[in-house]
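Engineer: This is the structure I want to talk about, given as structure tokens.
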Number of protein chains: 2
Amino acid sequence: MLSKSQISLLKSLQHKRERRQHGLFLVEGYKSVVEFINSPYQIEAVYHTASFDPKVLKLSQKINLYEISVSDVEKISSLKTPQEVIALVKIPAWPTLDNAKLKQKFTLVLDGIQDPGNMGTIVRTADWFGIKNIICSDDTVDAYNPKVVQASMGSLSRINIYYVDLVDILPKTGLPIFGALLNGENIYQTNFGTGGLIVMGNEGNGIRPEVESLVTKSVTIPRVGEAESLNVAIAVAIFCSEINRNSHNNVGSQ
Amino acid sequence: MLSKSQISLLKSLQHKRERRQHGLFLVEGYKSVVEFINSPYQIEAVYHTASFDPKVLKLSQKINLYEISVSDVEKISSLKTPQEVIALVKIPAWPTLDNAKLKQKFTLVLDGIQDPGNMGTIVRTADWFGIKNIICSDDTVDAYNPKVVQASMGSLSRINIYYVDLVDILPKTGLPIFGALLNGENIYQTNFGTGGLIVMGNEGNGIRPEVESLVTKSVTIPRVGEAESLNVAIAVAIFCSEINRNSHNNVGSQ
């Protein structure tokens, strides 16, 4: 049984300001909760309904477990169809971006992505393709937004996400900066090398001019049909796939 | 000024049953409305607020234009932030699937896609990559669902979408049937040839067994990282991109 003030706190975590103030966010649903439990994230508590058997979480560490009513779950959940289990998770204090660690890898850079569904899908896609780090402009949607957590399907637990001033930080990496832009080099003919930054712009406006001026190679996904643009998560996927294909062909046995 | 019964009818088009009963659906927002006006779709009416100047639609054909109040727009809109212009569009009677027309082309086949956002993004992505036809299982989400229309960003006006019994129809095409499956051939080494069907499965359950048994080549997007799966629209994009790259490399000057 949760107190009114507990419900009020947990519910408030749907808003960025309260998440940052308390340093906490919620993860909803069995699969995602398990992925966060098995990650370096610190779990403050797990709330579950009577119909959920916490044994299936196979907890090897001590975690505060609370059985709560379905109506309490409905109060704190951000989902239309609330799940049986919700974890209260601590937002980590990310270490400073270590440029040395970014070398020989590919890192996504998001310049002003606004849609939480897109952001979550980008995190999930990055995780599939082995990308470990995502650098976001300060105005990119918060990664701990409930819709981002939901769309990332647990992948958020494995990706380091940094919010920075891109104009300040990108030049300091000393890495090639590929930008998804119109009129760039054909992506199918681009040599991405062994590492670098892949910059993707905002849904409506693309990469902002001051970030575009830092791009060392513009890259374009050629259009065959008539759609005006691609969804940004779709563009991310095609970039990740091309990088994956390149490195696969480099090391593969064919 | 709309009558109560008109508002009631327009609002009811958020539901599939009413769309099918009346043979009508709504397209919201300037960009999408323009794309449907410039398509073979038949426009029954265009509703706009006083702040919207219908001259920007550059109508060359006679279309029924109605200025309505903002509060009426809010009543009929399915969007959180209603747009200034909404078109009432007739659902076409699709001609029977012409197998001869599918040859020398790639066609997407969707087996039970449920999420309207995914469906809309798939339509938009197909349109970018020049795919003209999408064949859906009867239980795939309705393409005229407002969220599909919204996510397709106007591309729905250019894609032919067929709802069929896949088990009955797929073998009759006589085309190669590629299926997005686990443990298939590596997509980066797959020769897609010059045409065929690309089958994508439901978000949670994949391709159903009776459809999978019709697949002539299983194809897999290799995983480098740890995500359990890819979003289906993301997988569609990677298939479309690979087909595009193959045909580009066949005809390109490098």
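Ligands are numbered from 1 in the order shown, chains are lettered A, B, ... in the order of the structure tokens, and residues start at 1 in each chain.
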Using 7 Å as the limit and counting only C-alpha atoms, can you tabulate each residue of chain B that touches chain A, with its shortest atom-to-atom distance in Å and the two atoms involved, as a Markdown table?
Structural biologist:
```
| residue | atom | partner | partner_atom | distance |
| --- | --- | --- | --- | --- |
| B:Arg124 | CA | A:Ala227 | CA | 6.3 |
| B:Thr125 | CA | A:Leu230 | CA | 6.3 |
| B:Asp127 | CA | A:Ala227 | CA | 5.3 |
| B:Trp128 | CA | A:Gly225 | CA | 4.6 |
| B:Phe129 | CA | A:Val224 | CA | 4.9 |
| B:Gly130 | CA | A:Gly225 | CA | 3.7 |
| B:Ser155 | CA | A:Ala227 | CA | 5.9 |
| B:Tyr188 | CA | A:Arg245 | CA | 6.3 |
| B:Arg223 | CA | A:Trp128 | CA | 5.6 |
| B:Val224 | CA | A:Phe129 | CA | 4.9 |
| B:Gly225 | CA | A:Gly130 | CA | 3.7 |
| B:Glu226 | CA | A:Trp128 | CA | 5.6 |
| B:Ala227 | CA | A:Trp128 | CA | 4.6 |
| B:Leu230 | CA | A:Thr125 | CA | 6.3 |
| B:Ile234 | CA | A:Ile234 | CA | 5.7 |
| B:Ala237 | CA | A:Ile234 | CA | 6.2 |
| B:Ile238 | CA | A:Ile238 | CA | 5.9 |
| B:Ser241 | CA | A:Ile238 | CA | 6.8 |
| B:Arg245 | CA | A:Tyr188 | CA | 6.3 |
```
Engineer: As a list in words, please: every residue in segment 83-125 of chain B that DSSP puts in alpha helix (DSSP H).
Structural biologist: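 Taking segment 83-125 of chain B and keeping alpha helix (DSSP H) only, one gets Asn99, Ala100, Lys101, Leu102, Pro116, Gly117, Asn118, Met119, Gly120, Thr121, Ile122, Val123, Arg124 and Thr125 of chain B.
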Engineer: Please save N, CA and C atoms of the selected residues as a short mmCIF file (atom, residue, chain, number, x, y, z; two decimals), in the first residue's frame.
Structural biologist:
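Heads up, here's the output in result.cif:
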```cif
data_model
loop_
_atom_site.label_atom_id
_atom_site.label_comp_id
_atom_site.auth_asym_id
_atom_site.auth_seq_id
_atom_site.Cartn_x
_atom_site.Cartn_y
_atom_site.Cartn_z
N ASN B 99 -0.93 -9.76 -60.50
CA ASN B 99 0.38 -10.39 -60.31
C ASN B 99 1.40 -9.97 -61.36
N ALA B 100 0.93 -9.74 -62.57
CA ALA B 100 1.85 -9.36 -63.65
C ALA B 100 2.54 -8.04 -63.31
N LYS B 101 1.79 -7.15 -62.65
CA LYS B 101 2.35 -5.83 -62.32
C LYS B 101 3.38 -5.90 -61.19
N LEU B 102 3.34 -6.98 -60.42
CA LEU B 102 4.27 -7.09 -59.29
C LEU B 102 5.65 -7.57 -59.73
N PRO B 116 -0.34 1.45 -35.33
CA PRO B 116 -0.57 2.38 -36.44
C PRO B 116 0.64 3.27 -36.72
N GLY B 117 1.41 3.61 -35.69
CA GLY B 117 2.62 4.42 -35.91
C GLY B 117 3.61 3.65 -36.77
N ASN B 118 3.79 2.37 -36.46
CA ASN B 118 4.68 1.53 -37.29
C ASN B 118 4.17 1.46 -38.73
N MET B 119 2.87 1.24 -38.87
CA MET B 119 2.29 1.11 -40.22
C MET B 119 2.52 2.39 -41.03
N GLY B 120 2.26 3.54 -40.42
CA GLY B 120 2.45 4.80 -41.12
C GLY B 120 3.91 5.01 -41.51
N THR B 121 4.81 4.68 -40.61
CA THR B 121 6.24 4.83 -40.89
C THR B 121 6.67 3.87 -41.99
N ILE B 122 6.09 2.69 -42.02
CA ILE B 122 6.41 1.72 -43.08
C ILE B 122 5.95 2.28 -44.44
N VAL B 123 4.75 2.86 -44.48
CA VAL B 123 4.23 3.43 -45.74
C VAL B 123 5.15 4.56 -46.22
N ARG B 124 5.56 5.43 -45.28
CA ARG B 124 6.45 6.55 -45.62
C ARG B 124 7.80 6.04 -46.13
N THR B 125 8.33 5.03 -45.47
CA THR B 125 9.64 4.47 -45.85
C THR B 125 9.55 3.80 -47.22
#
```
Engineer: Could you work out how far atom CA of Asn145 of chain B lies from atom CA of Phe178 of chain B, giving the answer in Å with one decimal?
Structural biologist: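 Atom CA of Phe178 of chain B sits 27.5 Å away from atom CA of Asn145 of chain B.
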Engineer: Find the spatial neighbours of Ile37 of chain A, counting only C-alpha atoms, within a cut-off of 12 Å - ignore same-chain residues fewer than 6 positions away - and output them as an NGL selection string.
Structural biologist: :A and (27 or 30-31 or 43-46 or 57-64 or 86-90 or 154 or 157-158)
Engineer: Give the answer as one residue: which of B:Asn205, B:Ser77, B:Gln83, B:Asn133 has the shortest atom-to-atom distance to Asn160 of chain B, using only C-alpha atoms?
Structural biologist: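 Residue with the minimum atom-to-atom distance to Asn160 of chain B: B:Asn133.
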Engineer: To one decimal in Å, tell me the separation between atom CA of Asp138 of chain B and atom CA of Gln150 of chain A.
Structural biologist: 27.7 Å
Engineer: Run DSSP on the backbone and grab whatever in segment 72-252 of chain B lands in strand (DSSP E or B); send it over as a PyMOL selection string.
Structural biologist: chain B and resi 85-90+106-111+133-137+160-164+177-186+196-202+206+217-220
Engineer: Find the spatial neighbours of His22 of chain A, counting only C-alpha atoms, within a cut-off of 12 Å - ignore same-chain residues fewer than 3 positions away - and output them as a ChimeraX atom specification.
Structural biologist: /A:9-10,12-19,25-26,44,88-92
Engineer: Quick one: write out the picked residues with C-alpha atoms as a compact mmCIF listing (two decimals), in the first residue's frame?
Structural biologist:
```
# COMPACT_ATOMS: atom_id res chain seq x y z
CA LEU A 9 6.13 11.41 -6.02
CA LEU A 10 6.07 8.39 -8.36
CA SER A 12 5.45 13.23 -10.75
CA LEU A 13 8.31 11.32 -12.40
CA GLN A 14 6.38 11.55 -15.68
CA HIS A 15 7.78 15.09 -15.83
CA LYS A 16 11.41 15.89 -16.61
CA ARG A 17 11.76 18.54 -13.91
CA GLU A 18 10.70 16.13 -11.16
CA ARG A 19 12.90 13.34 -12.57
CA PHE A 25 12.70 7.52 -13.16
CA LEU A 26 10.28 4.62 -13.68
CA GLU A 44 15.58 1.89 -5.64
CA LEU A 88 11.98 2.91 -9.51
CA VAL A 89 15.47 3.49 -10.89
CA LYS A 90 18.20 6.02 -10.08
CA ILE A 91 19.38 8.29 -12.90
CA PRO A 92 23.14 7.72 -13.04
```
Engineer: What does the distance from atom CA of Lys75 of chain B to atom CA of Val149 of chain B come to in Å, to one decimal?
Structural biologist: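 Going from atom CA of Lys75 of chain B over to atom CA of Val149 of chain B, I get 18.1 Å.
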Engineer: Which one is closest to Gly174 of chain B: B:Val215, B:Ile159, B:Val85, B:Ala93? Count only C-alpha atoms.
Structural biologist: B:Val215
